[in-house]
Structure formats: structure tokens, C-alpha cells
$ cat entry.cif   # mmCIF, C-alpha atoms and all ligand atoms
data_coords
#
loop_
_atom_site.label_atom_id
_atom_site.label_comp_id
_atom_site.auth_asym_id
_atom_site.auth_seq_id
_atom_site.Cartn_x
_atom_site.Cartn_y
_atom_site.Cartn_z
CA MET A 1315 180.33 110.77 249.22
CA GLY A 1316 176.88 109.98 250.66
CA PRO A 1317 175.05 106.73 250.10
CA HIS A 1318 173.33 105.91 246.82
CA PRO A 1319 170.00 107.84 246.61
CA ALA A 1320 168.01 104.61 246.80
CA VAL A 1321 169.91 103.53 249.90
CA ALA A 1322 169.37 106.96 251.45
CA ALA A 1323 165.64 106.68 250.68
CA ILE A 1324 165.18 103.26 252.31
CA ARG A 1325 167.16 104.33 255.37
CA LEU A 1326 165.11 107.48 255.79
CA ALA A 1327 161.87 105.50 255.57
CA VAL A 1328 163.07 103.09 258.24
CA ARG A 1329 164.49 105.85 260.45
CA ARG A 1330 161.08 107.56 260.51
CA VAL A 1331 159.33 104.41 261.59
CA LEU A 1332 161.94 103.65 264.28
CA HIS A 1333 161.38 107.14 265.67
CA ASP A 1334 157.63 106.46 265.73
CA ILE A 1335 158.24 103.19 267.54
CA LEU A 1336 160.38 104.92 270.16
CA ASN A 1337 157.77 107.64 270.61
CA ASP A 1338 155.05 105.04 271.07
CA GLN A 1339 157.02 103.30 273.80
CA PRO A 1340 155.62 103.66 277.29
CA ALA A 1341 157.57 106.10 279.44
CA SER A 1342 160.83 104.63 280.66
CA ARG A 1343 159.54 104.64 284.21
CA ALA A 1344 156.61 102.43 283.30
CA LEU A 1345 158.97 100.04 281.59
CA ALA A 1346 161.35 99.93 284.50
CA GLY A 1347 158.35 99.25 286.75
CA ARG A 1348 157.58 96.10 284.79
CA HIS A 1349 161.19 94.99 284.93
CA PRO A 1350 162.12 95.45 288.56
CA GLY A 1351 165.84 94.84 288.00
CA LEU A 1352 166.10 97.97 285.88
CA THR A 1353 166.28 101.50 287.09
CA ALA A 1354 164.19 104.25 285.55
CA GLU A 1355 167.27 105.59 283.75
CA ARG A 1356 168.00 102.34 281.95
CA PRO A 1357 164.94 100.80 280.32
CA PRO A 1358 165.64 97.70 278.21
CA SER A 1359 166.42 98.64 274.63
CA PRO A 1360 163.49 97.71 272.39
CA LEU A 1361 163.81 94.94 269.85
CA VAL A 1362 162.54 95.43 266.30
CA LEU A 1363 162.33 92.42 263.98
CA VAL A 1364 162.24 92.47 260.20
CA ALA A 1365 160.06 89.88 258.45
CA CYS A 1366 162.22 88.85 255.54
CA SER A 1367 161.41 86.55 252.63
CA GLY A 1368 164.78 87.12 251.02
CA GLY A 1369 163.10 89.14 248.25
CA ALA A 1370 164.30 92.60 247.25
CA ASP A 1371 161.80 94.56 249.34
CA SER A 1372 162.41 92.84 252.62
CA MET A 1373 166.19 92.49 252.06
CA ALA A 1374 166.37 96.25 251.50
CA LEU A 1375 164.30 96.69 254.65
CA ALA A 1376 166.62 94.42 256.62
CA SER A 1377 169.70 96.33 255.46
CA ALA A 1378 168.19 99.68 256.41
CA LEU A 1379 167.09 98.36 259.80
CA ALA A 1380 170.58 96.98 260.48
CA PHE A 1381 172.04 100.40 259.63
CA GLU A 1382 169.60 102.64 261.50
CA ALA A 1383 168.62 100.69 264.61
CA PRO A 1384 171.96 100.75 266.48
CA LYS A 1385 172.16 104.54 266.07
CA LEU A 1386 168.90 104.83 268.01
CA GLY A 1387 169.74 102.27 270.69
CA ILE A 1388 167.34 99.75 269.20
CA ARG A 1389 168.16 96.06 268.88
CA ALA A 1390 167.43 94.67 265.42
CA GLY A 1391 166.64 91.05 264.56
CA GLY A 1392 165.03 89.13 261.72
CA ILE A 1393 162.59 86.31 261.06
CA THR A 1394 162.10 84.35 257.89
CA VAL A 1395 159.16 82.02 257.44
CA ASP A 1396 159.56 78.77 255.55
CA HIS A 1397 156.14 78.01 254.08
CA GLY A 1398 157.32 74.60 252.89
CA LEU A 1399 155.51 75.08 249.57
CA GLN A 1400 158.46 74.52 247.28
CA ALA A 1401 161.18 71.92 247.22
CA GLY A 1402 164.29 73.24 248.93
CA SER A 1403 162.46 76.04 250.74
CA ASP A 1404 164.22 75.03 253.97
CA LEU A 1405 167.63 75.57 252.36
CA ARG A 1406 166.50 78.94 251.10
CA ALA A 1407 165.32 79.92 254.54
CA ASP A 1408 168.75 78.95 255.92
CA GLU A 1409 170.32 81.19 253.30
CA VAL A 1410 168.12 84.12 254.31
CA VAL A 1411 169.11 83.55 257.94
CA LEU A 1412 172.76 83.67 256.92
CA ARG A 1413 172.28 86.93 255.02
CA LEU A 1414 170.44 88.55 257.90
CA CYS A 1415 173.22 87.51 260.28
CA GLU A 1416 175.78 88.95 257.89
CA LEU A 1417 173.94 92.26 258.08
CA GLY A 1418 174.57 92.18 261.82
CA LEU A 1419 171.01 91.38 262.89
CA ALA A 1420 170.44 89.35 266.08
CA PRO A 1421 168.45 87.37 266.96
CA VAL A 1422 167.75 85.83 263.57
CA GLU A 1423 165.45 82.88 263.19
CA SER A 1424 163.84 80.74 260.51
CA VAL A 1425 160.38 79.40 261.36
CA ALA A 1426 158.82 76.51 259.45
CA VAL A 1427 155.03 76.56 259.13
CA THR A 1428 152.38 74.23 257.75
CA VAL A 1429 150.14 75.99 255.26
CA GLY A 1430 146.51 74.86 255.30
CA ARG A 1431 143.94 75.31 252.54
CA GLU A 1432 141.40 77.68 253.95
CA GLY A 1433 140.58 80.67 251.73
CA GLY A 1434 142.86 79.57 248.88
CA PRO A 1435 146.64 79.22 248.66
CA GLU A 1436 147.55 82.89 249.05
CA ALA A 1437 145.31 83.50 252.06
CA ALA A 1438 146.36 80.25 253.73
CA ALA A 1439 150.07 81.10 253.36
CA ARG A 1440 149.44 84.60 254.70
CA ASP A 1441 147.54 83.31 257.75
CA ALA A 1442 150.29 80.83 258.56
CA ARG A 1443 152.94 83.52 258.08
CA TYR A 1444 151.31 86.06 260.38
CA ALA A 1445 150.67 83.43 263.05
CA ALA A 1446 154.37 82.54 262.93
CA LEU A 1447 155.45 86.18 263.02
CA ASP A 1448 153.13 86.88 265.96
CA ALA A 1449 154.53 83.92 267.86
CA ALA A 1450 158.12 84.95 267.07
CA ALA A 1451 157.46 88.51 268.23
CA GLU A 1452 156.04 87.20 271.52
CA ARG A 1453 158.86 84.73 271.99
CA HIS A 1454 161.54 87.37 271.53
CA GLY A 1455 159.65 90.15 273.30
CA ALA A 1456 159.82 92.31 270.16
CA THR A 1457 158.23 95.74 270.18
CA ALA A 1458 157.58 95.76 266.44
CA VAL A 1459 157.83 93.68 263.27
CA LEU A 1460 158.67 95.46 260.02
CA LEU A 1461 157.12 94.33 256.74
CA GLY A 1462 158.44 95.21 253.29
CA HIS A 1463 155.19 96.13 251.51
CA THR A 1464 155.79 98.90 249.01
CA ARG A 1465 153.66 101.49 247.31
CA ASP A 1466 153.27 99.09 244.40
CA ASP A 1467 151.86 96.40 246.72
CA GLN A 1468 149.49 99.03 248.07
CA ALA A 1469 148.33 99.97 244.55
CA GLU A 1470 147.69 96.29 243.78
CA THR A 1471 145.69 95.89 246.99
CA VAL A 1472 143.52 98.91 246.13
CA LEU A 1473 142.85 97.58 242.64
CA LEU A 1474 141.92 94.15 244.00
CA GLY A 1475 139.45 95.79 246.39
CA LEU A 1476 138.02 97.92 243.61
CA ALA A 1477 137.54 94.92 241.38
CA ARG A 1478 135.80 92.97 244.16
CA GLY A 1479 133.24 95.74 244.42
CA SER A 1480 133.72 96.10 248.14
CA GLY A 1481 133.54 99.31 250.14
CA ILE A 1482 136.10 101.96 250.93
CA ARG A 1483 137.50 99.96 253.84
CA SER A 1484 138.94 97.56 251.34
CA LEU A 1485 140.07 100.42 249.06
CA SER A 1486 142.06 101.71 252.00
CA GLY A 1487 144.55 98.88 251.45
CA MET A 1488 147.16 98.08 254.05
CA ALA A 1489 147.73 100.25 257.10
CA ALA A 1490 151.17 101.65 257.89
CA VAL A 1491 150.58 100.40 261.44
CA SER A 1492 148.48 97.31 262.20
CA GLY A 1493 148.14 94.27 264.41
CA ALA A 1494 147.96 93.89 268.17
CA ALA A 1495 149.28 97.03 269.86
CA GLY A 1496 150.46 98.33 266.48
CA ARG A 1497 153.01 95.54 266.21
CA TYR A 1498 153.28 95.51 262.41
CA ARG A 1499 154.85 98.48 260.66
CA ARG A 1500 155.26 99.03 256.93
CA PRO A 1501 158.03 101.57 256.42
CA PHE A 1502 158.04 101.22 252.61
CA LEU A 1503 154.38 101.92 251.97
CA GLN A 1504 155.28 105.23 250.29
CA LEU A 1505 158.32 103.86 248.52
CA ASP A 1506 158.30 102.29 245.08
CA ARG A 1507 159.48 98.75 244.50
CA GLN A 1508 162.17 99.92 242.10
CA THR A 1509 163.86 101.94 244.85
CA ALA A 1510 164.05 98.88 247.11
CA ARG A 1511 165.52 96.84 244.29
CA LYS A 1512 168.06 99.54 243.41
CA ALA A 1513 169.06 99.80 247.07
CA CYS A 1514 169.83 96.09 247.10
CA MET A 1515 171.90 96.39 243.94
CA ALA A 1516 173.78 99.42 245.26
CA GLN A 1517 174.66 97.47 248.41
CA SER A 1518 175.46 94.28 246.47
CA LEU A 1519 172.81 92.40 248.42
CA PRO A 1520 171.78 89.20 246.68
CA VAL A 1521 168.00 88.89 246.42
CA TRP A 1522 165.71 85.99 245.71
CA ASP A 1523 162.80 86.35 243.33
CA ASP A 1524 159.88 84.27 244.53
CA PRO A 1525 158.61 82.28 241.51
CA HIS A 1526 155.08 82.70 242.91
CA ASN A 1527 155.37 86.44 242.29
CA ALA A 1528 155.65 85.75 238.57
CA ASP A 1529 153.23 82.82 238.46
CA PRO A 1530 150.18 83.76 236.35
CA ALA A 1531 148.12 81.29 238.41
CA TYR A 1532 148.02 83.93 241.13
CA THR A 1533 145.66 86.89 240.81
CA ARG A 1534 148.10 89.32 242.36
CA SER A 1535 150.84 88.21 240.04
CA ARG A 1536 148.66 88.79 236.97
CA LEU A 1537 147.77 92.20 238.28
CA ARG A 1538 151.44 93.01 238.85
CA HIS A 1539 152.69 91.82 235.50
CA GLU A 1540 149.75 92.53 233.21
CA GLY A 1541 147.11 94.65 234.93
CA LEU A 1542 149.15 97.51 236.33
CA PRO A 1543 151.49 97.87 233.33
CA ALA A 1544 148.38 98.08 231.09
CA LEU A 1545 146.88 100.73 233.35
CA GLU A 1546 150.12 102.69 233.35
CA LYS A 1547 150.19 102.51 229.57
CA ALA A 1548 146.65 103.81 229.33
CA LEU A 1549 146.66 106.33 232.18
CA GLY A 1550 150.29 107.31 232.62
CA LYS A 1551 153.07 106.57 235.10
CA GLY A 1552 151.48 108.31 238.07
CA VAL A 1553 148.78 105.66 238.45
CA VAL A 1554 150.57 103.67 241.17
CA GLU A 1555 151.12 106.77 243.24
CA ALA A 1556 147.51 107.85 242.71
CA LEU A 1557 146.20 104.47 243.82
CA ALA A 1558 148.34 104.65 246.96
CA ARG A 1559 146.88 108.10 247.62
CA THR A 1560 143.40 106.66 247.12
CA ALA A 1561 144.25 104.16 249.86
CA GLN A 1562 145.12 106.89 252.33
CA LEU A 1563 142.05 109.01 251.52
CA SER A 1564 139.77 105.98 251.69
CA ARG A 1565 141.24 104.99 255.05
CA ASP A 1566 140.43 108.38 256.52
CA ASP A 1567 136.89 108.26 255.10
CA ALA A 1568 136.30 104.71 256.30
CA ASP A 1569 137.53 105.59 259.80
CA ALA A 1570 135.18 108.59 259.92
CA LEU A 1571 132.19 106.51 258.80
CA ASP A 1572 133.01 103.73 261.25
CA SER A 1573 133.06 106.16 264.11
CA TRP A 1574 129.80 107.79 262.90
CA ALA A 1575 128.21 104.33 262.82
CA SER A 1576 129.43 103.53 266.35
CA GLN A 1577 127.87 106.71 267.66
CA ALA A 1578 124.62 106.30 265.71
CA GLU A 1579 124.16 102.68 266.77
CA ALA A 1580 123.07 103.48 270.33
CA SER A 1581 120.40 105.86 269.05
CA VAL A 1582 118.69 103.31 266.78
CA ARG A 1583 118.21 100.62 269.45
CA ASP A 1584 115.05 100.43 271.52
CA ALA A 1585 114.99 99.86 275.28
CA THR A 1586 115.42 96.10 274.79
CA GLY A 1587 118.39 96.57 272.47
CA LEU A 1588 116.59 95.72 269.21
CA LEU A 1589 117.22 97.80 266.10
CA GLU A 1590 114.35 100.10 265.19
CA CYS A 1591 113.64 100.06 261.44
CA ALA A 1592 112.26 103.60 261.19
CA LYS A 1593 115.34 105.05 262.83
CA LEU A 1594 117.65 102.98 260.68
CA TYR A 1595 115.76 104.17 257.59
CA ALA A 1596 116.53 107.78 258.47
CA LEU A 1597 120.30 107.19 258.47
CA PRO A 1598 122.56 107.59 255.41
CA PRO A 1599 123.01 104.18 253.71
CA ALA A 1600 126.76 104.09 254.43
CA VAL A 1601 126.12 104.48 258.15
CA ARG A 1602 123.11 102.16 258.21
CA ARG A 1603 124.90 99.34 256.40
CA ARG A 1604 127.82 99.58 258.80
CA ILE A 1605 125.44 99.16 261.72
CA LEU A 1606 123.80 96.17 260.02
CA ARG A 1607 127.14 94.58 259.28
CA ARG A 1608 128.29 95.01 262.84
CA ALA A 1609 125.04 93.58 264.20
CA ALA A 1610 125.42 90.52 261.97
CA ILE A 1611 128.99 89.97 263.16
CA GLU A 1612 127.93 90.42 266.77
CA ALA A 1613 125.27 87.77 266.22
CA GLY A 1614 127.95 85.34 265.07
CA ALA A 1615 128.39 85.83 261.31
CA PRO A 1616 132.09 85.43 260.43
CA ALA A 1617 133.38 88.79 259.13
CA GLY A 1618 135.36 87.18 256.31
CA ALA A 1619 132.29 85.42 254.92
CA LEU A 1620 129.97 88.41 255.14
CA PHE A 1621 129.85 90.15 251.78
CA ALA A 1622 128.30 93.40 250.58
CA ARG A 1623 125.47 91.48 248.90
CA HIS A 1624 124.46 89.95 252.26
CA ILE A 1625 124.25 93.34 253.90
CA GLU A 1626 122.37 94.79 250.92
CA GLU A 1627 119.75 92.09 251.31
CA VAL A 1628 119.35 92.82 255.01
CA ASP A 1629 119.20 96.52 254.16
CA ARG A 1630 116.21 95.87 251.89
CA LEU A 1631 114.28 94.78 254.99
CA ILE A 1632 114.58 98.44 255.96
CA THR A 1633 114.44 100.32 252.67
CA GLY A 1634 112.36 97.98 250.48
CA TRP A 1635 109.99 96.32 252.93
CA ARG A 1636 107.33 94.22 251.24
CA GLY A 1637 106.92 91.44 253.76
CA GLN A 1638 110.10 89.48 252.88
CA GLY A 1639 110.88 86.36 254.89
CA ALA A 1640 113.93 85.80 257.07
CA ILE A 1641 117.32 86.23 255.44
CA ASN A 1642 120.01 83.64 256.01
CA LEU A 1643 123.50 84.95 256.62
CA PRO A 1644 126.79 83.07 257.01
CA GLY A 1645 127.38 81.46 260.40
CA LYS A 1646 123.73 80.37 260.64
CA VAL A 1647 122.74 83.93 261.44
CA VAL A 1648 119.21 84.96 260.51
CA ALA A 1649 117.91 88.49 259.98
CA GLN A 1650 114.20 89.25 260.03
CA ARG A 1651 111.87 92.13 260.49
CA GLN A 1652 109.37 91.80 263.33
CA GLY A 1653 106.91 94.59 264.08
CA GLY A 1654 109.09 97.50 263.12
CA ARG A 1655 112.17 95.95 264.71
CA LEU A 1656 115.06 94.19 263.04
CA VAL A 1657 116.05 90.96 264.74
CA ILE A 1658 119.45 89.52 263.86
CA ARG A 1659 120.40 86.39 265.73
CA GLN A 1660 121.83 82.92 265.34
CA GLY A 1661 118.98 80.64 264.27
N1 LIG A 1701 158.54 83.95 253.88
C1 LIG A 1701 158.51 85.11 254.53
N2 LIG A 1701 159.17 85.23 255.70
C2 LIG A 1701 159.15 86.39 256.39
N3 LIG A 1701 158.50 87.49 255.96
C3 LIG A 1701 157.85 87.42 254.81
C4 LIG A 1701 157.79 86.24 254.03
N4 LIG A 1701 157.07 86.48 252.92
C5 LIG A 1701 156.67 87.76 253.01
N5 LIG A 1701 157.12 88.34 254.13
C6 LIG A 1701 156.92 89.73 254.58
O1 LIG A 1701 155.75 90.24 254.00
C7 LIG A 1701 156.09 91.29 253.08
C8 LIG A 1701 155.21 91.22 251.86
O2 LIG A 1701 155.34 90.00 251.26
P1 LIG A 1701 154.86 89.71 249.80
O3 LIG A 1701 155.13 88.29 249.51
O4 LIG A 1701 153.49 90.26 249.67
O5 LIG A 1701 155.75 90.69 248.97
P2 LIG A 1701 157.07 90.48 248.13
O6 LIG A 1701 156.97 91.40 247.00
O7 LIG A 1701 157.31 89.03 247.88
O8 LIG A 1701 158.14 91.05 249.18
P3 LIG A 1701 159.68 90.74 249.19
O9 LIG A 1701 160.25 91.35 247.93
O10 LIG A 1701 160.21 91.36 250.41
O11 LIG A 1701 159.76 89.26 249.24
C9 LIG A 1701 157.55 91.08 252.76
O12 LIG A 1701 158.17 92.27 252.36
C10 LIG A 1701 158.07 90.58 254.09
O13 LIG A 1701 158.26 91.65 255.01
#
$ encode --input "entry.cif" --output "C-alpha cells"
Amino acid sequence: MGPHPAVAAIRLAVRRVLHDILNDQPASRALAGRHPGLTAERPPSPLVLVACSGGADSMALASALAFEAPKLGIRAGGITVDHGLQAGSDLRADEVVLRLCELGLAPVESVAVTVGREGGPEAAARDARYAALDAAAERHGATAVLLGHTRDDQAETVLLGLARGSGIRSLSGMAAVSGAAGRYRRPFLQLDRQTARKACMAQSLPVWDDPHNADPAYTRSRLRHEGLPALEKALGKGVVEALARTAQLSRDDADALDSWASQAEASVRDATGLLECAKLYALPPAVRRRILRRAAIEAGAPAGALFARHIEEVDRLITGWRGQGAINLPGKVVAQRQGGRLVIRQG
């Protein structure tokens, strides 16, 4: 008898990503060159880490990694991050370490982090977590780190972007591959949360439900427990899948527009490198605003603080010129129109 369908599904998702990781590896000769002790025939086997919170998604991911990696000659380890936000979180992290070891993963490590305040509690925890995962990947020489985001997480991310009124880049949600040198991989992005949970049950894997996930103080939690169920009730069950598809389509569109903007940028600068308003005016708004955004960031505006309304205001210097004064942007950056040129610089 084959494995439970949910277990088969999580394993297949992980197997595909492991194949991608192997295909993305530099040729064995190049590897052996960097490790002089090794011959071209025997490159070191790559290490893939799973980032595991102990929740159903990442426990399912860990179990599938432990099952699939050895068959492909890949070493599989795990990292759990202790955010220190709840009493006893250190004990919980120890428990996750134990479970990952029981799955046969090695190395397994728990990393304690200090969560700051910047950007709110969710963003601060995320920043601290990724910094710790990056450091762990470097320390262990890992080729990749797997994250347990599911299709449901993707749908939530798309909805949050939609509600913020930001552009298609934010509707494109999370990438299947991201981070430095494509370090982060999300094998479950096409898989629903229920499947991950069922796979844990079928394998008798104990899972931990993060109370934050159910805490109505968190926007994402409200969306998960109230927003999406209401949408499903109104629009039908396929809404999560459709939102995930929206993410993929938006990503392709956003990539195309970004590359259009990169190409167009050179053609709208004068000999001294300043942006020419008439040439900017002739561009489609989506391309023009991308160029403006990039120029503002280049001048020193922090990307995270630069919102659509800022760029719209700068855009009005081009499309609605009536002698406006300088526009202040985050990071003490100032945009102003001077004799048919747009000057964006730190003031
Ligand atoms: N404390 C942690 N330690 C290590 N990795 C984590 C931690 N928290 C989250 N992650 C990683 O980030 C992914 C997404 O986390 P998030 O908290 O958004 O989702 P989740 O629904 O709680 O996931 P899970 O069910 O796996 O806990 C997780 O699947 C896991 O890979």
C-alpha cells in the first residue's frame, strides 16, 4: 500500500524542489575546484535545511525533506527559531529540535533571537527570523532553506496587498524562490494547508498551533479566520486557488514591467543623467512610476517607507505641472522640477 495521499502530495512537492536545487548547483567540477581535497567525481553533498516552527506546515515539510533528501544524496537538517515572545518558548524550541532529530535530520539547531519593534510585531519577528535563518545557512554551508508557506498563506498575502492598494508587485505575493542566490525555497506554495495538516496526522506527527495564528490582534490572523472564510462563503471554495493564481500572473506582469522600466530609464535621462520630463510624460504611467520610484530609492529614500502616494505626487510634477514646489520624500529625499528636468536628490 502506498503512502496516504496527503503524504504523497507533500513528498512530491519537496522532491520537485530538491531536483531544482540539484539542477541549480554549479557543475561538480566547479565545486571540486573550490574544495581542493575533493575530486571532480565526488563533490560534497549539498545540505538543505528546513525552517521549522513546529507548526503543521513546517513539520510536514520537515518529514517530507527527511524522506526525500537521502534518496537524492542530499543532506537534510533543520533550524527552529525561538523568538522569545512567549513564556516557555525556549522549551518549545527544544521540543521542535527533538522532533526534527527523531525524523533523522542533522544538523538540527535552535536559534534564540531578540525581536525588536521596528515595523510592528509581525514584521519585527519576521526580520529577526530571516536574519537568524540567513546566519544559520551560512554557518552550516547550506545550499537552501525550505519554508512551509502554503497556498493559503499566499492567498492571504495577495489579499493583504490588494487591501493596501499597492501595485501588482505586492499582489504577486511570495516567490517560490527568493533570497540571496535563491536560498529560500517554498515547496508548498501550491499546496493547501489542509493537506499539510492531514500529512502530519497520517504520520502521527505532533504539531504545535501557534496561539498568534489565532490571535485576532493580528491582521493576518483575522484574515485567516474571518476574512477568507467569508470570501469563500460569498464566492465559492475556489477563491484561495484563484488568489494564488493571481499571485503568479501578477509576478509575471510585474517582472515584465520592471524590465521595461529598466530599459526605458536610459532613454529618458539627458547627457548629465537628469530625468527629462517630456520623455517621462510620453511613457505609460506604470513604466514612468517605476522609473520615479527607482530614482527616489537611488537618491536614498528607504524602499519600505516609499508608498504609492509618494510616487503619485512626484508623478504629478510630470503629468499635472502647475508650478508645484519641491516634494519631500522619506529619507530626506526631495523631488523637484527644474527647467524641464526632474531632480531627485537628498536635500
Ligand atoms: N519559529 C520559527 N522557526 C523556524 N522557522 C519558522 C518559524 N516560524 C516560521 N517559520 C518558517 O516560516 C514559515 C511560515 O511561517 P508562518 O508563521 O507564516 O506560518 P505558519 O502557518 O505558522 O507555518 P507553520 O504551520 O509551519 O508554523 C513556516 O512554515 C516555517 O518554514
$ closest_residue --input "entry.cif" --among "A:Leu1336, A:Leu1379, A:Arg1630, A:Lys1512" --to "Ser1359 of chain A" --atoms "only C-alpha atoms"
A:Leu1336
$ atom_distance --input "entry.cif" --atom1 "atom CA of Ala1449 of chain A" --atom2 "atom CA of Ser1367 of chain A"
16.9 Å
$ residues_near_ligand --input "entry.cif" --ligand "ligand LIG 1701 (chain A)" --cutoff "9 Å" --atoms "only C-alpha atoms and all ligand atoms" --output "number ranges by chain"
A: 1364-1376, 1392-1397, 1407, 1424-1425, 1439-1440, 1443-1444, 1446-1447, 1459-1464, 1466-1467, 1500, 1502, 1507, 1510-1511, 1521-1524, 1526-1527
$ atom_distance --input "entry.cif" --atom1 "atom CA of Arg1478 of chain A" --atom2 "atom CA of Tyr1498 of chain A"
25.4 Å
$ closest_residue --input "entry.cif" --among "A:Leu1386, A:Ala1568, A:Cys1591, A:Ala1516" --to "Pro1317 of chain A" --atoms "all atoms listed in the file"
A:Ala1516
